[in-house]
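> For reference, the file coords.csv (CSV, C-alpha atoms and all ligand atoms) is included below:
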chain,number,residue,atom,x,y,z
A,1,MET,CA,136.6,-6.0,229.9
A,2,THR,CA,139.2,-5.1,227.3
A,3,TRP,CA,142.2,-3.4,228.8
A,4,GLU,CA,143.0,-0.2,227.0
A,5,PHE,CA,145.1,2.2,229.0
A,6,ASP,CA,145.6,5.3,226.9
A,7,GLY,CA,148.0,7.1,229.3
A,8,ASN,CA,145.3,8.7,231.3
A,9,PRO,CA,146.0,7.8,235.0
A,10,ALA,CA,142.3,7.5,235.6
A,11,PRO,CA,141.0,6.0,232.3
A,12,TYR,CA,137.9,4.5,233.8
A,13,GLY,CA,136.4,7.8,235.1
A,14,ALA,CA,134.5,7.9,238.4
A,15,ALA,CA,133.7,4.2,238.2
A,16,GLY,CA,137.4,3.4,237.8
A,17,PRO,CA,139.7,1.8,240.3
A,18,LYS,CA,140.2,3.6,243.7
A,19,GLN,CA,143.0,6.1,243.6
A,20,ILE,CA,144.3,8.1,246.5
A,21,GLN,CA,143.9,11.9,246.1
A,22,PHE,CA,147.0,13.9,245.1
A,23,ASP,CA,147.8,16.0,248.1
A,24,PRO,CA,151.3,17.4,248.4
A,25,THR,CA,150.6,18.5,252.0
A,26,LYS,CA,150.2,14.9,253.3
A,27,PRO,CA,152.8,12.1,253.1
A,28,SER,CA,152.1,9.4,250.5
A,29,PRO,CA,153.7,5.9,250.8
A,30,ALA,CA,155.2,6.1,247.3
A,31,ARG,CA,156.7,9.6,247.8
A,32,VAL,CA,158.1,8.8,251.3
A,33,TYR,CA,159.7,5.7,249.9
A,34,ASP,CA,161.1,7.6,247.0
A,35,TYR,CA,162.7,10.0,249.5
A,36,VAL,CA,164.1,7.3,251.6
A,37,LEU,CA,165.6,5.6,248.5
A,38,GLY,CA,167.3,9.0,247.7
A,39,GLY,CA,164.8,10.0,244.9
A,40,LYS,CA,163.6,13.5,244.0
A,41,ASP,CA,159.9,12.9,243.4
A,42,ASN,CA,158.7,13.9,246.9
A,43,PHE,CA,157.4,16.9,248.8
A,44,ALA,CA,158.2,18.6,252.2
A,45,ALA,CA,155.4,16.6,253.9
A,46,ASP,CA,156.9,13.3,252.7
A,47,ARG,CA,160.4,14.3,253.8
A,48,ALA,CA,159.1,15.5,257.2
A,49,ALA,CA,157.4,12.2,257.9
A,50,ALA,CA,160.4,10.1,256.7
A,51,ASP,CA,162.8,12.2,258.7
A,52,GLN,CA,160.9,11.7,261.9
A,53,VAL,CA,161.3,8.0,261.6
A,54,LEU,CA,164.9,8.3,260.4
A,55,GLN,CA,165.7,10.3,263.5
A,56,VAL,CA,165.2,7.2,265.7
A,57,PHE,CA,166.0,4.7,263.0
A,58,PRO,CA,168.9,6.1,260.9
A,59,GLU,CA,169.4,2.7,259.1
A,60,GLY,CA,166.0,3.3,257.3
A,61,ARG,CA,167.7,4.1,254.0
A,62,GLU,CA,169.8,1.0,254.2
A,63,LEU,CA,166.8,-1.1,255.0
A,64,ALA,CA,164.9,0.3,252.0
A,65,TRP,CA,167.8,-0.6,249.7
A,66,ALA,CA,168.0,-4.1,251.3
A,67,ASN,CA,164.3,-4.4,250.4
A,68,ARG,CA,165.0,-3.2,246.9
A,69,ARG,CA,167.8,-5.7,246.4
A,70,PHE,CA,165.4,-8.4,247.7
A,71,MET,CA,162.9,-7.4,245.0
A,72,ALA,CA,165.6,-7.7,242.3
A,73,ARG,CA,166.8,-11.1,243.5
A,74,ALA,CA,163.2,-12.4,243.9
A,75,VAL,CA,162.2,-11.2,240.4
A,76,ARG,CA,165.3,-12.9,238.8
A,77,PHE,CA,164.5,-16.1,240.8
A,78,CYS,CA,160.9,-16.0,239.6
A,79,LEU,CA,161.8,-15.6,236.0
A,80,GLY,CA,164.1,-18.6,236.3
A,81,GLN,CA,161.2,-20.6,237.8
A,82,ILE,CA,158.3,-19.7,235.5
A,83,GLY,CA,160.3,-20.3,232.3
A,84,HIS,CA,160.0,-18.6,228.9
A,85,VAL,CA,156.7,-16.9,229.3
A,86,GLY,CA,157.8,-14.4,232.0
A,87,GLN,CA,154.7,-12.6,233.3
A,88,ILE,CA,155.3,-10.3,236.3
A,89,VAL,CA,152.5,-8.4,237.9
A,90,ASP,CA,153.9,-5.9,240.5
A,91,ILE,CA,151.2,-4.6,242.8
A,92,GLY,CA,152.0,-1.3,244.6
A,93,THR,CA,154.8,-0.8,242.0
A,94,GLY,CA,155.9,2.6,243.4
A,95,MET,CA,158.1,5.2,241.8
A,96,PRO,CA,160.3,3.7,239.1
A,97,THR,CA,163.5,4.2,241.0
A,98,SER,CA,166.2,2.2,239.3
A,99,PRO,CA,166.6,-0.7,239.4
A,100,ASN,CA,162.8,-1.3,239.3
A,101,VAL,CA,160.9,-4.5,238.6
A,102,ALA,CA,160.5,-3.8,234.9
A,103,GLN,CA,164.2,-3.1,234.4
A,104,VAL,CA,165.3,-6.2,236.3
A,105,ALA,CA,162.8,-8.5,234.6
A,106,ARG,CA,163.5,-7.2,231.0
A,107,GLU,CA,167.2,-7.5,231.6
A,108,VAL,CA,166.8,-11.2,232.5
A,109,ASN,CA,164.2,-11.9,229.9
A,110,PRO,CA,163.7,-9.2,227.2
A,111,GLU,CA,160.4,-10.9,226.3
A,112,ALA,CA,159.0,-10.6,229.8
A,113,VAL,CA,155.6,-9.0,230.2
A,114,VAL,CA,155.6,-6.7,233.2
A,115,VAL,CA,152.6,-4.9,234.6
A,116,GLY,CA,152.9,-2.4,237.5
A,117,VAL,CA,149.8,-1.5,239.4
A,118,ASP,CA,149.4,1.3,241.8
A,119,ASN,CA,146.7,3.6,243.3
A,120,ASP,CA,148.8,6.7,243.5
A,121,PRO,CA,148.4,9.2,240.6
A,122,VAL,CA,152.0,10.4,241.0
A,123,VAL,CA,153.3,6.9,240.6
A,124,LEU,CA,151.1,6.4,237.6
A,125,ALA,CA,152.3,9.6,235.9
A,126,HIS,CA,156.0,8.8,236.6
A,127,GLY,CA,155.7,5.2,235.6
A,128,ARG,CA,153.9,6.1,232.4
A,129,ALA,CA,156.6,8.6,231.5
A,130,LEU,CA,159.6,6.5,232.5
A,131,VAL,CA,158.9,2.8,232.2
A,132,ASP,CA,155.7,2.2,230.3
A,133,GLY,CA,156.5,0.9,226.8
A,134,GLU,CA,157.5,-2.3,225.0
A,135,GLY,CA,156.4,-5.2,227.3
A,136,VAL,CA,155.8,-2.9,230.3
A,137,ARG,CA,152.5,-1.4,231.4
A,138,ILE,CA,151.8,0.8,234.4
A,139,VAL,CA,148.1,0.8,235.2
A,140,PRO,CA,145.8,2.1,237.9
A,141,GLY,CA,144.5,-0.3,240.5
A,142,ASP,CA,144.0,-0.8,244.2
A,143,VAL,CA,145.2,-3.9,245.8
A,144,ARG,CA,142.0,-3.9,247.9
A,145,GLU,CA,140.1,-4.6,244.6
A,146,PRO,CA,141.8,-7.8,243.5
A,147,GLU,CA,138.9,-9.0,241.2
A,148,ARG,CA,139.0,-5.7,239.4
A,149,ILE,CA,142.7,-5.9,238.9
A,150,ILE,CA,142.5,-9.4,237.6
A,151,SER,CA,139.8,-8.5,235.1
A,152,ASP,CA,141.4,-5.2,234.1
A,153,LEU,CA,144.7,-7.0,233.3
A,154,SER,CA,143.1,-9.8,231.4
A,155,GLY,CA,144.0,-8.1,228.0
A,156,ILE,CA,147.7,-8.2,228.8
A,157,VAL,CA,148.2,-11.0,231.3
A,158,ASP,CA,147.4,-14.6,230.4
A,159,TRP,CA,146.1,-15.8,233.8
A,160,SER,CA,146.0,-19.4,232.5
A,161,ARG,CA,149.8,-19.4,232.4
A,162,PRO,CA,152.2,-18.9,235.3
A,163,VAL,CA,152.5,-15.4,236.7
A,164,ALA,CA,154.8,-14.0,239.4
A,165,LEU,CA,152.7,-11.8,241.5
A,166,VAL,CA,154.8,-9.3,243.4
A,167,PHE,CA,153.7,-7.5,246.6
A,168,VAL,CA,156.9,-5.8,247.8
A,169,ALA,CA,156.4,-3.4,250.7
A,170,VAL,CA,152.7,-2.9,249.9
A,171,LEU,CA,150.6,-5.2,252.1
A,172,HIS,CA,151.7,-3.3,255.2
A,173,PHE,CA,149.5,-0.5,253.9
A,174,VAL,CA,146.5,-2.8,253.9
A,175,SER,CA,144.5,-2.7,257.2
A,176,ASP,CA,143.1,-5.7,258.9
A,177,GLU,CA,139.6,-4.3,258.1
A,178,ASP,CA,140.6,-4.4,254.4
A,179,ASP,CA,141.6,-8.0,255.0
A,180,PRO,CA,144.9,-9.0,253.3
A,181,HIS,CA,143.8,-12.7,253.5
A,182,ARG,CA,140.7,-12.0,251.4
A,183,ILE,CA,142.8,-10.1,248.9
A,184,LEU,CA,145.4,-12.9,248.6
A,185,ALA,CA,142.7,-15.6,248.3
A,186,ALA,CA,141.2,-13.7,245.4
A,187,PHE,CA,144.5,-13.5,243.6
A,188,ARG,CA,145.3,-17.1,244.4
A,189,LYS,CA,142.1,-18.2,242.8
A,190,ALA,CA,143.2,-16.5,239.5
A,191,LEU,CA,146.7,-18.0,239.5
A,192,THR,CA,147.5,-21.2,237.7
A,193,PRO,CA,149.6,-23.8,239.5
A,194,GLY,CA,153.3,-23.0,239.3
A,195,SER,CA,152.6,-19.3,239.7
A,196,LEU,CA,154.7,-17.5,242.3
A,197,LEU,CA,153.9,-15.0,245.1
A,198,VAL,CA,156.6,-12.6,246.2
A,199,ILE,CA,155.8,-10.7,249.5
A,200,SER,CA,157.8,-8.4,251.7
A,201,HIS,CA,156.3,-6.8,254.7
A,202,VAL,CA,157.5,-4.8,257.7
A,203,THR,CA,157.4,-6.7,261.0
A,204,LYS,CA,157.3,-5.4,264.5
A,205,ASP,CA,159.0,-8.6,265.9
A,206,GLY,CA,162.5,-7.9,267.2
A,207,VAL,CA,162.2,-4.2,266.6
A,208,SER,CA,163.1,-1.6,269.4
A,209,LYS,CA,160.2,0.1,271.2
A,210,ALA,CA,161.6,3.5,270.2
A,211,THR,CA,161.3,2.7,266.5
A,212,VAL,CA,157.8,1.1,266.9
A,213,ASP,CA,156.5,4.0,268.9
A,214,ARG,CA,157.9,6.6,266.4
A,215,ILE,CA,156.3,4.7,263.5
A,216,ASP,CA,152.9,4.6,265.4
A,217,GLN,CA,153.3,8.3,266.1
A,218,VAL,CA,154.2,9.3,262.5
A,219,TYR,CA,152.1,6.9,260.5
A,220,GLY,CA,149.2,6.1,263.0
A,221,ASN,CA,147.1,8.9,261.6
A,222,ALA,CA,148.6,9.2,258.2
A,223,PRO,CA,146.3,9.0,255.2
A,224,VAL,CA,147.7,5.6,254.5
A,225,PRO,CA,148.8,4.1,257.9
A,226,LEU,CA,151.7,1.7,258.1
A,227,ILE,CA,150.8,-1.6,259.8
A,228,LEU,CA,153.5,-3.5,261.5
A,229,ARG,CA,152.6,-7.2,261.6
A,230,THR,CA,154.1,-10.2,263.5
A,231,THR,CA,156.2,-12.8,261.7
A,232,GLU,CA,153.3,-15.3,262.1
A,233,GLN,CA,150.8,-12.9,260.6
A,234,ILE,CA,153.1,-12.3,257.6
A,235,LYS,CA,153.7,-16.0,257.2
A,236,ASP,CA,149.9,-16.5,257.2
A,237,LEU,CA,149.7,-14.3,254.1
A,238,PHE,CA,151.3,-17.2,252.2
A,239,THR,CA,148.5,-19.6,253.1
A,240,GLY,CA,147.5,-21.8,250.2
A,241,SER,CA,150.9,-21.6,248.6
A,242,ASP,CA,154.2,-23.4,249.4
A,243,LEU,CA,156.9,-21.1,250.8
A,244,LEU,CA,160.1,-21.8,248.9
A,245,ASP,CA,163.6,-22.1,250.5
A,246,PRO,CA,164.7,-20.3,252.6
A,247,GLY,CA,161.2,-19.4,253.8
A,248,LEU,CA,160.2,-16.1,255.3
A,249,VAL,CA,163.3,-14.3,256.5
A,250,ASP,CA,164.8,-10.8,256.8
A,251,VAL,CA,165.0,-9.5,253.3
A,252,HIS,CA,168.8,-9.3,253.4
A,253,GLN,CA,168.9,-13.1,254.2
A,254,TRP,CA,166.7,-14.1,251.3
A,255,ARG,CA,169.1,-15.9,248.8
A,256,PRO,CA,171.7,-13.1,249.4
A,257,ASP,CA,174.3,-12.5,246.7
A,258,ASP,CA,176.2,-9.9,248.7
A,259,ARG,CA,178.2,-10.7,251.8
A,260,PHE,CA,177.6,-7.1,253.0
A,261,GLU,CA,173.9,-7.6,253.5
A,262,ARG,CA,173.2,-7.1,257.2
A,263,ARG,CA,170.4,-7.2,259.7
A,264,ILE,CA,169.2,-3.8,260.9
A,265,ASP,CA,166.7,-2.7,263.6
A,266,LEU,CA,163.4,-2.3,261.9
A,267,ARG,CA,162.8,-5.4,259.9
A,268,ILE,CA,161.3,-6.3,256.6
A,269,LEU,CA,160.6,-9.9,256.1
A,270,GLY,CA,160.4,-11.4,252.6
A,271,GLY,CA,159.6,-14.7,251.0
A,272,VAL,CA,158.6,-16.4,247.7
A,273,SER,CA,156.0,-19.2,247.5
A,274,ARG,CA,154.6,-21.4,244.7
A,275,ILE,CA,150.9,-22.0,244.0
A,276,PRO,CA,150.6,-25.8,244.1
A,301,LIG,C1,156.7,1.5,250.0
A,301,LIG,S1,156.1,1.7,248.4
A,301,LIG,C2,156.9,0.2,247.6
A,301,LIG,C3,157.0,0.4,246.1
A,301,LIG,C4,157.6,-0.8,245.4
A,301,LIG,N1,156.9,-2.0,245.6
A,301,LIG,C5,159.1,-1.0,245.9
A,301,LIG,O1,159.3,-1.9,246.6
A,301,LIG,O2,159.9,-0.2,245.5
A,301,LIG,C6,154.4,1.2,248.5
A,301,LIG,C7,153.7,1.4,247.2
A,301,LIG,O3,152.4,0.8,247.4
A,301,LIG,C8,151.4,1.6,246.8
A,301,LIG,N2,150.1,1.3,247.5
A,301,LIG,C9,149.8,1.6,248.8
A,301,LIG,N3,148.5,1.2,249.1
A,301,LIG,C10,148.1,0.7,247.9
A,301,LIG,C11,146.8,0.2,247.5
A,301,LIG,N4,145.8,0.1,248.3
A,301,LIG,N5,146.7,-0.2,246.2
A,301,LIG,C12,147.7,-0.1,245.3
A,301,LIG,N6,148.9,0.4,245.6
A,301,LIG,C13,149.1,0.8,246.9
A,301,LIG,C14,151.9,3.0,247.1
A,301,LIG,O4,151.3,4.0,246.3
A,301,LIG,C15,153.4,2.8,246.8
A,301,LIG,O5,153.7,3.0,245.5
Take the structure in the file and give it back as structure tokens.
Ligand SMILES: C[S@@+](CC[C@H](N)C(=O)[O-])C[C@H]1O[C@@H](n2cnc3c(N)ncnc32)[C@H](O)[C@@H]1O

Amino acid sequence: MTWEFDGNPAPYGAAGPKQIQFDPTKPSPARVYDYVLGGKDNFAADRAAADQVLQVFPEGRELAWANRRFMARAVRFCLGQIGHVGQIVDIGTGMPTSPNVAQVAREVNPEAVVVGVDNDPVVLAHGRALVDGEGVRIVPGDVREPERIISDLSGIVDWSRPVALVFVAVLHFVSDEDDPHRILAAFRKALTPGSLLVISHVTKDGVSKATVDRIDQVYGNAPVPLILRTTEQIKDLFTGSDLLDPGLVDVHQWRPDDRFERRIDLRILGGVSRIP
């Protein structure tokens, strides 16, 4: 299929990629995250959900920013690894809070091709208005439909050349029933050797019971529940690729360039691997 996104968040009509319904009365992952990062593109329901967690886990904002800095370091690292043809596909790209993947990538390599994919119409609208442009595309897609994403992007991403595939803070919104392993296997099949996978994911290991209980209470019945996985389960997501140094670690410990990075209660683990 030829990719021709004309700015309409749902260019494929009813048969298009899955998108969540816009509903300002229910929290959405992208808008909650925007609020936690200090953004303004969120509603009362998003703020209420985030505040309930921040009550027992006040370092939440700091953790979100540690994750954001991990993303920036990982993208710079990937561009250094995959050479001149910098292709970055950022799945679950989120609100384009600065610095976002596109900004970081194009700063390192102004020729980089960056595609952000998301299933939230608010993200698509903001992304289209703020970052879509020269070398950067924001397109609808649901991570649970990997084959469709691969084929929809084939007009802008050359899958026969190395790609950095970024899943920052998105796979913990994919349930076991939707099978993250199946999803990653499908993407791995499309990636040429030398391509890179970037994953960050919330873990429940080493996290206080009060925080885990509050997350279960707030997000257990949310339209898009947050799934806390163990370190082993997250490591398994890299199956079929070689985890690069320093492996899967707390995001603030992944090749830190700031001595103030510190460990906090709720943990997000991050790593980068290479397709052999
Ligand atoms: C916590 S935000 C992270 C955003 C961005 N990756 C970052 O680190 O700033 C999670 C993002 O994943 C998106 N998302 C959640 N489930 C998704 C799915 N099934 N398919 C595509 N995107 C999804 C949400 O809409 C949201 O933008």
> As a ChimeraX atom specification, please: every protein or nucleic acid residue near ligand LIG 301 (chain A) (cut-off 8 Å, counting all atoms listed in the file).
/A:18-19,28-34,67-68,71,90-97,100,117-120,123,140-144,166-171,173-174,224
> Pick out the closest residue to A:Val75 from this set: A:Glu147, A:Glu107, A:Glu232, A:Asp46. Count all atoms listed in the file.
A:Glu107
> When you count all atoms listed in the file, which of these residues is closest to A:Ala72: A:Leu244, A:Ala48, A:Val108, A:Val53?
A:Val108
> So, counting all atoms listed in the file, which residue among A:Ala164, A:Ala44, A:Val36, A:Leu243 is closest to A:Phe77?
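The answer is A:Ala164, which sits nearest to A:Phe77.
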> Please identify all polymer residues within 12 Å of stretch 55-64 of chain A, counting all atoms listed in the file, omitting same-chain residues fewer than 6 positions from it, and present them as a ChimeraX atom specification.
/A:32-39,47-49,70-71,97,168-169,200-202,207-215,217-218,250-252,260-269
> What's the 12 Å shell around A:Pro110, counting all atoms listed in the file, without same-chain residues fewer than 3 positions away, as a ChimeraX atom specification?
/A:79,84-87,102-107,113-114,134-136
> I'd like to know which of A:Gly194, A:Gly206, A:Gly247, A:Pro17 is closest to A:Arg229, using all atoms listed in the file.
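The shortest atom-to-atom distance to A:Arg229 comes from A:Gly206.
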> Could you tell me which of A:Gly80, A:Gly271, A:Pro256, A:Gly127 comes closest to A:Val101 if we count all atoms listed in the file?
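Result for the nearest residue to A:Val101: A:Gly127.
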> Between atom CA of A:Asn42 and atom CA of A:Val122, what distance in Å does the model show, to one decimal?
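Result for atom CA of A:Asn42 versus atom CA of A:Val122: 9.6 Å, one decimal.
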> Nearest residue to A:Ser175 out of A:Ile150, A:Leu248, A:Leu226, A:Ile20, using all atoms listed in the file?
A:Leu226
> Between atom CA of A:Asp158 and atom CA of A:Asp132, what distance in Å does the model show, to one decimal?
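Distance reported for this atom pair: 18.7 Å.
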